[in-house]
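A.B. asks: Sharing my_file_22.tsv below, TSV, C-alpha atoms:
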```
chain	number	residue	atom	x	y	z
A	271	GLU	CA	-11.62	18.09	-16.70
A	272	THR	CA	-13.48	15.21	-15.10
A	273	GLY	CA	-16.54	14.76	-12.90
A	274	VAL	CA	-18.85	17.64	-12.05
A	275	THR	CA	-17.49	21.18	-12.00
A	276	GLN	CA	-19.11	24.34	-10.70
A	277	THR	CA	-18.24	28.00	-11.19
A	278	PRO	CA	-17.79	30.27	-9.44
A	279	ARG	CA	-16.72	28.57	-6.22
A	280	HIS	CA	-17.53	31.67	-4.18
A	281	LEU	CA	-19.94	34.50	-4.94
A	282	VAL	CA	-20.89	37.60	-2.99
A	283	MET	CA	-23.79	39.61	-4.37
A	284	GLY	CA	-26.11	42.39	-3.36
A	285	MET	CA	-29.87	41.95	-3.25
A	286	THR	CA	-30.34	43.90	-6.49
A	287	ASN	CA	-27.71	42.03	-8.50
A	288	LYS	CA	-28.25	39.41	-11.19
A	289	LYS	CA	-25.79	36.56	-11.34
A	290	SER	CA	-25.61	33.00	-12.65
A	291	LEU	CA	-24.15	29.79	-11.31
A	292	LYS	CA	-22.77	27.30	-13.80
A	293	CYS	CA	-22.46	23.54	-13.59
A	294	GLU	CA	-20.87	21.19	-16.09
A	295	GLN	CA	-20.70	17.41	-15.98
A	296	HIS	CA	-18.19	15.31	-17.91
A	297	LEU	CA	-19.64	11.91	-16.97
A	298	GLY	CA	-22.04	11.34	-19.85
A	299	HIS	CA	-25.00	11.52	-17.49
A	300	ASN	CA	-28.53	12.37	-18.60
A	301	ALA	CA	-29.90	14.06	-15.47
A	302	MET	CA	-28.77	17.11	-13.52
A	303	TYR	CA	-29.85	18.58	-10.19
A	304	TRP	CA	-29.59	21.75	-8.10
A	305	TYR	CA	-29.49	21.46	-4.31
A	306	LYS	CA	-29.27	24.07	-1.58
A	307	GLN	CA	-27.40	23.37	1.65
A	308	SER	CA	-27.91	25.80	4.52
A	309	ALA	CA	-26.00	25.53	7.78
A	310	LYS	CA	-26.95	22.49	9.87
A	311	LYS	CA	-29.79	21.56	7.50
A	312	PRO	CA	-30.17	18.62	5.13
A	313	LEU	CA	-29.55	19.10	1.44
A	314	GLU	CA	-32.70	20.57	-0.10
A	315	LEU	CA	-33.54	19.56	-3.66
A	316	MET	CA	-34.40	22.56	-5.83
A	317	PHE	CA	-34.66	21.43	-9.45
A	318	VAL	CA	-34.24	18.25	-11.49
A	319	TYR	CA	-33.62	18.00	-15.22
A	320	SER	CA	-33.76	14.72	-17.12
A	321	LEU	CA	-32.73	14.83	-20.79
A	322	GLU	CA	-32.83	18.64	-20.56
A	323	GLU	CA	-36.45	18.57	-19.46
A	324	ARG	CA	-37.36	19.91	-16.02
A	325	VAL	CA	-39.05	17.10	-14.11
A	326	GLU	CA	-39.12	18.57	-10.63
A	327	ASN	CA	-39.41	22.06	-9.20
A	328	ASN	CA	-39.44	21.80	-5.44
A	329	SER	CA	-41.49	24.93	-4.64
A	330	VAL	CA	-38.51	27.16	-5.26
A	331	PRO	CA	-39.10	30.95	-5.36
A	332	SER	CA	-39.07	32.51	-8.81
A	333	ARG	CA	-35.97	34.55	-7.97
A	334	PHE	CA	-34.13	31.29	-8.77
A	335	SER	CA	-34.40	30.38	-12.44
A	336	PRO	CA	-32.76	27.19	-13.79
A	337	GLU	CA	-31.66	26.59	-17.36
A	338	CYS	CA	-30.46	23.34	-18.91
A	339	PRO	CA	-29.36	23.96	-22.52
A	340	ASN	CA	-27.99	20.42	-22.95
A	341	SER	CA	-27.33	17.33	-20.87
A	342	SER	CA	-23.85	18.51	-19.87
A	343	HIS	CA	-24.64	22.02	-18.67
A	344	LEU	CA	-26.90	23.44	-16.01
A	345	PHE	CA	-27.29	27.05	-14.90
A	346	LEU	CA	-28.99	28.72	-11.98
A	347	HIS	CA	-29.87	32.34	-12.67
A	348	LEU	CA	-30.22	34.49	-9.58
A	349	HIS	CA	-31.98	37.85	-9.25
A	350	THR	CA	-33.21	39.97	-6.35
A	351	LEU	CA	-32.08	37.44	-3.77
A	352	GLN	CA	-32.54	37.78	-0.03
A	353	PRO	CA	-29.89	37.39	2.68
A	354	GLU	CA	-31.54	34.12	3.76
A	355	ASP	CA	-30.65	32.70	0.33
A	356	SER	CA	-27.01	32.65	1.42
A	357	ALA	CA	-25.98	28.98	1.33
A	358	LEU	CA	-23.90	26.38	-0.46
A	359	TYR	CA	-25.46	25.54	-3.84
A	360	LEU	CA	-24.59	22.08	-5.08
A	361	CYS	CA	-25.01	20.67	-8.55
A	362	ALA	CA	-25.24	16.93	-9.14
A	363	SER	CA	-25.67	14.59	-12.07
A	364	SER	CA	-26.71	10.97	-12.55
A	365	HIS	CA	-27.41	8.43	-15.23
A	366	ASN	CA	-31.08	7.60	-15.09
A	367	ASP	CA	-31.74	4.39	-16.94
A	368	ARG	CA	-35.31	3.21	-17.06
A	369	GLY	CA	-36.18	1.70	-13.69
A	370	SER	CA	-32.75	2.22	-12.13
A	371	TYR	CA	-31.88	3.92	-8.88
A	372	ASN	CA	-29.91	7.10	-9.32
A	373	GLU	CA	-26.58	7.50	-7.57
A	374	GLN	CA	-25.85	11.16	-7.87
A	375	PHE	CA	-22.41	12.67	-8.32
A	376	PHE	CA	-21.89	16.11	-6.85
A	377	GLY	CA	-19.84	19.12	-7.79
A	378	PRO	CA	-17.83	21.09	-5.20
A	379	GLY	CA	-20.54	23.71	-4.77
A	380	THR	CA	-20.78	27.48	-4.97
A	381	ARG	CA	-20.69	29.30	-1.63
A	382	LEU	CA	-23.15	32.19	-2.09
A	383	THR	CA	-23.36	35.18	0.22
A	384	VAL	CA	-26.15	37.71	-0.28
A	385	LEU	CA	-25.55	41.08	1.37
B	1175	ASP	CA	-41.24	17.10	8.62
B	1176	GLN	CA	-37.87	15.42	8.25
B	1177	GLN	CA	-38.20	11.98	6.70
B	1178	VAL	CA	-34.54	11.07	7.12
B	1179	LYS	CA	-32.84	11.85	10.42
B	1180	GLN	CA	-29.30	11.57	11.68
B	1181	ASN	CA	-29.71	12.23	15.36
B	1182	SER	CA	-26.02	12.48	16.22
B	1183	PRO	CA	-24.57	15.76	14.94
B	1184	SER	CA	-21.04	14.54	15.66
B	1185	LEU	CA	-19.00	11.45	16.53
B	1186	SER	CA	-15.43	11.18	17.77
B	1187	VAL	CA	-13.49	7.92	17.43
B	1188	GLN	CA	-9.93	6.74	18.01
B	1189	GLU	CA	-7.93	5.57	15.00
B	1190	GLY	CA	-8.22	1.81	14.52
B	1191	ARG	CA	-11.55	1.55	16.32
B	1192	ILE	CA	-15.00	1.11	14.77
B	1193	SER	CA	-17.10	4.12	13.75
B	1194	ILE	CA	-20.87	3.59	13.71
B	1195	LEU	CA	-23.03	6.22	12.08
B	1196	ASN	CA	-26.78	5.94	12.42
B	1197	CYS	CA	-29.73	7.04	10.34
B	1198	ASP	CA	-33.50	6.70	10.85
B	1199	TYR	CA	-36.28	7.19	8.34
B	1200	THR	CA	-40.03	7.47	8.53
B	1201	ASN	CA	-41.25	6.93	4.97
B	1202	SER	CA	-42.01	3.25	4.38
B	1203	MET	CA	-41.90	3.87	0.63
B	1204	PHE	CA	-38.12	4.32	0.74
B	1205	ASP	CA	-36.48	1.24	-0.69
B	1206	TYR	CA	-32.93	2.27	-1.56
B	1207	PHE	CA	-30.44	3.90	0.76
B	1208	LEU	CA	-27.10	5.61	0.21
B	1209	TRP	CA	-24.27	7.05	2.26
B	1210	TYR	CA	-22.27	10.05	1.12
B	1211	LYS	CA	-19.09	11.54	2.57
B	1212	LYS	CA	-18.25	15.24	2.39
B	1213	TYR	CA	-14.94	16.95	3.04
B	1214	PRO	CA	-14.81	20.73	3.58
B	1215	ALA	CA	-14.83	22.75	0.34
B	1216	GLU	CA	-15.86	19.66	-1.67
B	1217	GLY	CA	-19.19	18.23	-2.75
B	1218	PRO	CA	-20.56	15.00	-1.26
B	1219	THR	CA	-19.07	11.82	-2.73
B	1220	PHE	CA	-20.96	8.56	-2.98
B	1221	LEU	CA	-19.70	5.91	-0.56
B	1222	ILE	CA	-21.97	2.86	-0.44
B	1223	SER	CA	-25.60	1.92	-0.98
B	1224	ILE	CA	-28.08	-0.80	-0.06
B	1225	SER	CA	-31.35	-1.99	-1.51
B	1226	SER	CA	-34.25	-2.86	0.76
B	1227	ILE	CA	-34.08	-6.49	-0.36
B	1228	LYS	CA	-30.79	-6.80	1.54
B	1229	ASP	CA	-29.90	-6.23	5.16
B	1230	LYS	CA	-26.16	-5.82	4.69
B	1231	ASN	CA	-23.75	-4.54	2.06
B	1232	GLU	CA	-20.00	-4.50	2.46
B	1233	ASP	CA	-17.26	-2.67	0.57
B	1234	GLY	CA	-13.81	-2.87	2.09
B	1235	ARG	CA	-13.78	-1.10	5.44
B	1236	PHE	CA	-17.35	0.13	4.97
B	1237	THR	CA	-20.47	-1.89	5.78
B	1238	VAL	CA	-24.04	-0.65	5.70
B	1239	PHE	CA	-26.74	-2.44	7.70
B	1240	LEU	CA	-30.45	-2.02	7.09
B	1241	ASN	CA	-33.20	-2.87	9.58
B	1242	LYS	CA	-36.44	-2.34	7.68
B	1243	SER	CA	-38.75	-3.13	10.58
B	1244	ALA	CA	-37.04	-0.46	12.69
B	1245	LYS	CA	-36.62	1.90	9.71
B	1246	HIS	CA	-32.99	2.23	10.66
B	1247	LEU	CA	-29.71	1.99	8.85
B	1248	SER	CA	-26.15	2.29	10.01
B	1249	LEU	CA	-22.72	2.69	8.47
B	1250	HIS	CA	-19.82	0.86	10.08
B	1251	ILE	CA	-16.26	1.87	9.32
B	1252	VAL	CA	-13.58	-0.46	10.61
B	1253	PRO	CA	-10.80	0.19	11.21
B	1254	SER	CA	-11.34	3.96	11.29
B	1255	GLN	CA	-8.59	6.13	9.85
B	1256	PRO	CA	-7.88	9.87	10.30
B	1257	GLY	CA	-8.65	10.35	6.58
B	1258	ASP	CA	-12.22	9.22	7.28
B	1259	SER	CA	-12.84	12.46	9.19
B	1260	ALA	CA	-15.63	14.16	7.24
B	1261	VAL	CA	-19.37	14.82	7.28
B	1262	TYR	CA	-21.43	11.71	6.49
B	1263	PHE	CA	-24.90	12.01	4.98
B	1264	CYS	CA	-27.41	9.22	4.62
B	1265	ALA	CA	-29.98	9.46	1.85
B	1266	ALA	CA	-33.08	7.49	0.93
B	1267	SER	CA	-34.88	6.96	-2.35
B	1268	GLU	CA	-38.32	5.72	-3.31
B	1269	THR	CA	-38.71	3.38	-6.27
B	1270	PRO	CA	-37.85	5.43	-9.37
B	1271	LYS	CA	-40.75	6.62	-11.43
B	1272	ILE	CA	-40.71	6.14	-15.16
B	1273	LEU	CA	-40.89	9.55	-16.80
B	1274	SER	CA	-43.23	9.36	-19.78
B	1275	ARG	CA	-41.69	12.64	-20.80
B	1276	ALA	CA	-37.92	12.94	-20.76
B	1277	GLY	CA	-37.40	9.96	-23.03
B	1278	GLY	CA	-38.76	7.37	-20.62
B	1279	THR	CA	-35.90	7.74	-18.16
B	1280	SER	CA	-36.49	7.11	-14.47
B	1281	TYR	CA	-36.25	9.42	-11.53
B	1282	GLY	CA	-36.10	8.61	-7.83
B	1283	LYS	CA	-35.86	11.59	-5.52
B	1284	LEU	CA	-33.14	11.41	-2.86
B	1285	THR	CA	-34.03	12.66	0.62
B	1286	PHE	CA	-31.00	13.48	2.76
B	1287	GLY	CA	-30.35	13.53	6.47
B	1288	GLN	CA	-28.66	16.52	8.07
B	1289	GLY	CA	-25.29	14.84	8.39
B	1290	THR	CA	-22.96	13.59	11.13
B	1291	ILE	CA	-19.47	15.03	11.58
B	1292	LEU	CA	-17.02	12.16	12.14
B	1293	THR	CA	-13.63	12.93	13.67
B	1294	VAL	CA	-11.06	10.15	13.84
B	1295	HIS	CA	-8.20	10.94	16.22
B	1296	PRO	CA	-4.71	9.51	15.58
```
Is it possible to give me this structure as structure tokens?
C.D. replies:
Amino acid sequence: ETGVTQTPRHLVMGMTNKKSLKCEQHLGHNAMYWYKQSAKKPLELMFVYSLEERVENNSVPSRFSPECPNSSHLFLHLHTLQPEDSALYLCASSHNDRGSYNEQFFGPGTRLTVL
Amino acid sequence: DQQVKQNSPSLSVQEGRISILNCDYTNSMFDYFLWYKKYPAEGPTFLISISSIKDKNEDGRFTVFLNKSAKHLSLHIVPSQPGDSAVYFCAASETPKILSRAGGTSYGKLTFGQGTILTVHP
């Protein structure tokens, strides 16, 4: 397996369910990201982890809870979501050397539908 | 307040001709710019980038031009091929900040435009 993988690729859940999205990167990167893409909107950054430490939380509601157990894995735990949370959730990773710009590599995304 | 804008939602071009995708930004602190391409059911893939110290960067059929005074960049694809049909996103980054936590790594937030759908007709 190479690059950035995400599971599941599609998820349908009710508002009372609890589910988790998983991301894994096989690129030896040290930073991982969660983005949300809604229809006809730019990618919205949700969370950033660098060396497993959260360095950015972009005013995301607490019903989204990230977890980064190591530099290769990133999770997004979901609970009591709303229908407006339906979107494509993209994971990305990058290698963040000191002072360098970060070209991010994306996974295929999880298409989430909240009923 | 959208700091990176792609004002053309779609562009249609004949195979073999030039495709020009445009992007405007408002934040003068942006100093590094990237283009990503996205096919349906796949994540965005990095295409080409340019630093603000340059006004042009070329990679094969792809050339990115940067006009700092106009806060405008463009991606030229020539010749266009049907396989280039995809959504193209521009993104902008400020100078990365050194993270005193997280082992002294750097982080520069990417701000994306809303994308332009390019269709190249055979």
A.B. asks: Could you list, with a cut-off of 12 Å and counting only C-alpha atoms, the residues of chain A near chain B, each shown with its nearest atom pair and the distance in Å rounded to one decimal, rows sorted by chain and ascending number, as a tab-separated table?
C.D. replies:
```
residue	atom	partner	partner_atom	distance
A:Gly273	CA	B:Thr1219	CA	10.9
A:Val274	CA	B:Gly1217	CA	9.3
A:Thr275	CA	B:Gly1217	CA	9.9
A:Gln276	CA	B:Gly1217	CA	10.0
A:Arg279	CA	B:Ala1215	CA	9.0
A:His280	CA	B:Ala1215	CA	10.4
A:His299	CA	B:Thr1279	CA	11.6
A:Asn300	CA	B:Thr1279	CA	8.7
A:Ala301	CA	B:Tyr1281	CA	8.8
A:Met302	CA	B:Tyr1281	CA	10.9
A:Tyr303	CA	B:Lys1283	CA	10.3
A:Tyr305	CA	B:Phe1286	CA	10.8
A:Lys306	CA	B:Phe1286	CA	11.6
A:Gln307	CA	B:Gln1288	CA	9.5
A:Ser308	CA	B:Gln1288	CA	10.0
A:Ala309	CA	B:Gln1288	CA	9.4
A:Lys310	CA	B:Gln1288	CA	6.5
A:Lys311	CA	B:Gln1288	CA	5.2
A:Pro312	CA	B:Gln1288	CA	3.9
A:Leu313	CA	B:Phe1286	CA	6.0
A:Glu314	CA	B:Phe1286	CA	7.8
A:Leu315	CA	B:Thr1285	CA	8.1
A:Met316	CA	B:Lys1283	CA	11.1
A:Phe317	CA	B:Lys1283	CA	10.7
A:Val318	CA	B:Tyr1281	CA	9.1
A:Tyr319	CA	B:Ala1276	CA	8.6
A:Ser320	CA	B:Ala1276	CA	5.8
A:Leu321	CA	B:Ala1276	CA	5.5
A:Glu322	CA	B:Ala1276	CA	7.6
A:Glu323	CA	B:Ala1276	CA	6.0
A:Arg324	CA	B:Ala1276	CA	8.4
A:Val325	CA	B:Ala1276	CA	7.9
A:Glu326	CA	B:Lys1283	CA	9.2
A:Asn327	CA	B:Lys1283	CA	11.7
A:Asn328	CA	B:Lys1283	CA	10.8
A:Ser341	CA	B:Ala1276	CA	11.5
A:Leu358	CA	B:Gly1217	CA	9.7
A:Tyr359	CA	B:Gly1217	CA	9.7
A:Leu360	CA	B:Gly1217	CA	7.0
A:Cys361	CA	B:Gly1217	CA	8.6
A:Ala362	CA	B:Gly1217	CA	8.9
A:Ser363	CA	B:Thr1219	CA	11.8
A:Ser364	CA	B:Tyr1281	CA	9.7
A:His365	CA	B:Thr1279	CA	9.0
A:Asn366	CA	B:Ser1280	CA	5.5
A:Asp367	CA	B:Thr1279	CA	5.5
A:Arg368	CA	B:Thr1279	CA	4.7
A:Gly369	CA	B:Ser1280	CA	5.5
A:Ser370	CA	B:Ser1280	CA	6.6
A:Tyr371	CA	B:Pro1270	CA	6.2
A:Asn372	CA	B:Gly1282	CA	6.5
A:Glu373	CA	B:Phe1220	CA	7.3
A:Gln374	CA	B:Phe1220	CA	7.4
A:Phe375	CA	B:Thr1219	CA	6.6
A:Phe376	CA	B:Gly1217	CA	5.3
A:Gly377	CA	B:Gly1217	CA	5.2
A:Pro378	CA	B:Gly1217	CA	4.0
A:Gly379	CA	B:Gly1217	CA	6.0
A:Thr380	CA	B:Ala1215	CA	9.3
A:Arg381	CA	B:Ala1215	CA	9.0
```
A.B. asks: How about saving the chosen residues, C-alpha atoms kept, as a compact mmCIF listing (two decimals), keeping the file's coordinate frame?
C.D. replies:
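Written file, again-v5.txt:
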```
# COMPACT_ATOMS: atom_id res chain seq x y z
CA GLY A 273 -16.54 14.76 -12.90
CA VAL A 274 -18.85 17.64 -12.05
CA THR A 275 -17.49 21.18 -12.00
CA GLN A 276 -19.11 24.34 -10.70
CA ARG A 279 -16.72 28.57 -6.22
CA HIS A 280 -17.53 31.67 -4.18
CA HIS A 299 -25.00 11.52 -17.49
CA ASN A 300 -28.53 12.37 -18.60
CA ALA A 301 -29.90 14.06 -15.47
CA MET A 302 -28.77 17.11 -13.52
CA TYR A 303 -29.85 18.58 -10.19
CA TYR A 305 -29.49 21.46 -4.31
CA LYS A 306 -29.27 24.07 -1.58
CA GLN A 307 -27.40 23.37 1.65
CA SER A 308 -27.91 25.80 4.52
CA ALA A 309 -26.00 25.53 7.78
CA LYS A 310 -26.95 22.49 9.87
CA LYS A 311 -29.79 21.56 7.50
CA PRO A 312 -30.17 18.62 5.13
CA LEU A 313 -29.55 19.10 1.44
CA GLU A 314 -32.70 20.57 -0.10
CA LEU A 315 -33.54 19.56 -3.66
CA MET A 316 -34.40 22.56 -5.83
CA PHE A 317 -34.66 21.43 -9.45
CA VAL A 318 -34.24 18.25 -11.49
CA TYR A 319 -33.62 18.00 -15.22
CA SER A 320 -33.76 14.72 -17.12
CA LEU A 321 -32.73 14.83 -20.79
CA GLU A 322 -32.83 18.64 -20.56
CA GLU A 323 -36.45 18.57 -19.46
CA ARG A 324 -37.36 19.91 -16.02
CA VAL A 325 -39.05 17.10 -14.11
CA GLU A 326 -39.12 18.57 -10.63
CA ASN A 327 -39.41 22.06 -9.20
CA ASN A 328 -39.44 21.80 -5.44
CA SER A 341 -27.33 17.33 -20.87
CA LEU A 358 -23.90 26.38 -0.46
CA TYR A 359 -25.46 25.54 -3.84
CA LEU A 360 -24.59 22.08 -5.08
CA CYS A 361 -25.01 20.67 -8.55
CA ALA A 362 -25.24 16.93 -9.14
CA SER A 363 -25.67 14.59 -12.07
CA SER A 364 -26.71 10.97 -12.55
CA HIS A 365 -27.41 8.43 -15.23
CA ASN A 366 -31.08 7.60 -15.09
CA ASP A 367 -31.74 4.39 -16.94
CA ARG A 368 -35.31 3.21 -17.06
CA GLY A 369 -36.18 1.70 -13.69
CA SER A 370 -32.75 2.22 -12.13
CA TYR A 371 -31.88 3.92 -8.88
CA ASN A 372 -29.91 7.10 -9.32
CA GLU A 373 -26.58 7.50 -7.57
CA GLN A 374 -25.85 11.16 -7.87
CA PHE A 375 -22.41 12.67 -8.32
CA PHE A 376 -21.89 16.11 -6.85
CA GLY A 377 -19.84 19.12 -7.79
CA PRO A 378 -17.83 21.09 -5.20
CA GLY A 379 -20.54 23.71 -4.77
CA THR A 380 -20.78 27.48 -4.97
CA ARG A 381 -20.69 29.30 -1.63
```
A.B. asks: Interatomic distance between CA of Val1261 in chain B and CA of Ser356 in chain A?
C.D. replies: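 Rounded to one decimal, the two atoms are 20.3 Å apart.
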A.B. asks: Quick check, in Å to one decimal: how far apart do CA of Cys293 in chain A and CA of Thr350 in chain A lie?
C.D. replies: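 These atoms are spaced 20.9 Å apart.
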A.B. asks: For a test of reading the model, state the distance in Å between CA of Pro331 in chain A and CA of Met285 in chain A, rounded to one decimal.
C.D. replies: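 About the pair CA of Pro331 in chain A and CA of Met285 in chain A: they are 14.5 Å apart.
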A.B. asks: Since the input lacks atoms, please generate N, CA, C and O atoms for range 1227-1250 of chain B and provide them as a short mmCIF file (atom, residue, chain, number, x, y, z; two decimals), in the coordinates of the input.
C.D. replies:
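Resulting contents of selection_33.cif:
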```cif
data_model
loop_
_atom_site.label_atom_id
_atom_site.label_comp_id
_atom_site.auth_asym_id
_atom_site.auth_seq_id
_atom_site.Cartn_x
_atom_site.Cartn_y
_atom_site.Cartn_z
N ILE B 1227 -33.99 -5.02 -0.34
CA ILE B 1227 -34.08 -6.49 -0.36
C ILE B 1227 -32.91 -7.12 0.38
O ILE B 1227 -32.86 -8.33 0.57
N LYS B 1228 -31.95 -6.29 0.79
CA LYS B 1228 -30.79 -6.80 1.54
C LYS B 1228 -30.82 -6.22 2.95
O LYS B 1228 -31.47 -5.21 3.22
N ASP B 1229 -30.06 -6.84 3.85
CA ASP B 1229 -29.90 -6.23 5.16
C ASP B 1229 -28.45 -5.85 5.45
O ASP B 1229 -28.15 -5.28 6.50
N LYS B 1230 -27.57 -6.14 4.49
CA LYS B 1230 -26.16 -5.82 4.69
C LYS B 1230 -25.48 -5.67 3.35
O LYS B 1230 -25.75 -6.44 2.41
N ASN B 1231 -24.59 -4.68 3.24
CA ASN B 1231 -23.75 -4.54 2.06
C ASN B 1231 -22.38 -4.08 2.51
O ASN B 1231 -22.26 -3.17 3.32
N GLU B 1232 -21.35 -4.74 1.98
CA GLU B 1232 -20.00 -4.50 2.46
C GLU B 1232 -19.10 -4.07 1.31
O GLU B 1232 -19.19 -4.62 0.21
N ASP B 1233 -18.23 -3.10 1.57
CA ASP B 1233 -17.26 -2.67 0.57
C ASP B 1233 -16.00 -2.25 1.31
O ASP B 1233 -15.89 -1.13 1.81
N GLY B 1234 -15.06 -3.17 1.40
CA GLY B 1234 -13.81 -2.87 2.09
C GLY B 1234 -14.05 -2.60 3.57
O GLY B 1234 -14.64 -3.42 4.27
N ARG B 1235 -13.61 -1.44 4.02
CA ARG B 1235 -13.78 -1.10 5.44
C ARG B 1235 -15.19 -0.63 5.78
O ARG B 1235 -15.50 -0.38 6.94
N PHE B 1236 -16.02 -0.45 4.77
CA PHE B 1236 -17.35 0.13 4.97
C PHE B 1236 -18.43 -0.94 4.84
O PHE B 1236 -18.45 -1.70 3.87
N THR B 1237 -19.33 -0.97 5.82
CA THR B 1237 -20.47 -1.89 5.78
C THR B 1237 -21.73 -1.11 6.15
O THR B 1237 -21.72 -0.36 7.14
N VAL B 1238 -22.76 -1.28 5.36
CA VAL B 1238 -24.04 -0.65 5.70
C VAL B 1238 -25.02 -1.76 6.09
O VAL B 1238 -25.10 -2.80 5.44
N PHE B 1239 -25.72 -1.52 7.19
CA PHE B 1239 -26.74 -2.44 7.70
C PHE B 1239 -28.10 -1.77 7.61
O PHE B 1239 -28.23 -0.58 7.90
N LEU B 1240 -29.10 -2.55 7.19
CA LEU B 1240 -30.45 -2.02 7.09
C LEU B 1240 -31.40 -2.87 7.93
O LEU B 1240 -31.45 -4.08 7.77
N ASN B 1241 -32.16 -2.21 8.80
CA ASN B 1241 -33.20 -2.87 9.58
C ASN B 1241 -34.53 -2.25 9.17
O ASN B 1241 -34.91 -1.18 9.66
N LYS B 1242 -35.21 -2.93 8.26
CA LYS B 1242 -36.44 -2.34 7.68
C LYS B 1242 -37.54 -2.20 8.72
O LYS B 1242 -38.29 -1.23 8.71
N SER B 1243 -37.66 -3.17 9.60
CA SER B 1243 -38.75 -3.13 10.58
C SER B 1243 -38.58 -1.94 11.52
O SER B 1243 -39.55 -1.32 11.95
N ALA B 1244 -37.32 -1.61 11.82
CA ALA B 1244 -37.04 -0.46 12.69
C ALA B 1244 -36.87 0.83 11.91
O ALA B 1244 -36.69 1.91 12.50
N LYS B 1245 -36.87 0.75 10.57
CA LYS B 1245 -36.62 1.90 9.71
C LYS B 1245 -35.32 2.57 10.13
O LYS B 1245 -35.26 3.79 10.38
N HIS B 1246 -34.28 1.77 10.17
CA HIS B 1246 -32.99 2.23 10.66
C HIS B 1246 -31.88 1.66 9.80
O HIS B 1246 -31.91 0.48 9.41
N LEU B 1247 -30.91 2.51 9.49
CA LEU B 1247 -29.71 1.99 8.85
C LEU B 1247 -28.47 2.56 9.53
O LEU B 1247 -28.55 3.60 10.21
N SER B 1248 -27.38 1.84 9.39
CA SER B 1248 -26.15 2.29 10.01
C SER B 1248 -24.98 2.03 9.07
O SER B 1248 -25.03 1.12 8.23
N LEU B 1249 -23.97 2.84 9.22
CA LEU B 1249 -22.72 2.69 8.47
C LEU B 1249 -21.62 2.37 9.46
O LEU B 1249 -21.42 3.13 10.42
N HIS B 1250 -20.93 1.25 9.23
CA HIS B 1250 -19.82 0.86 10.08
C HIS B 1250 -18.52 1.05 9.30
O HIS B 1250 -18.42 0.59 8.14
#
```
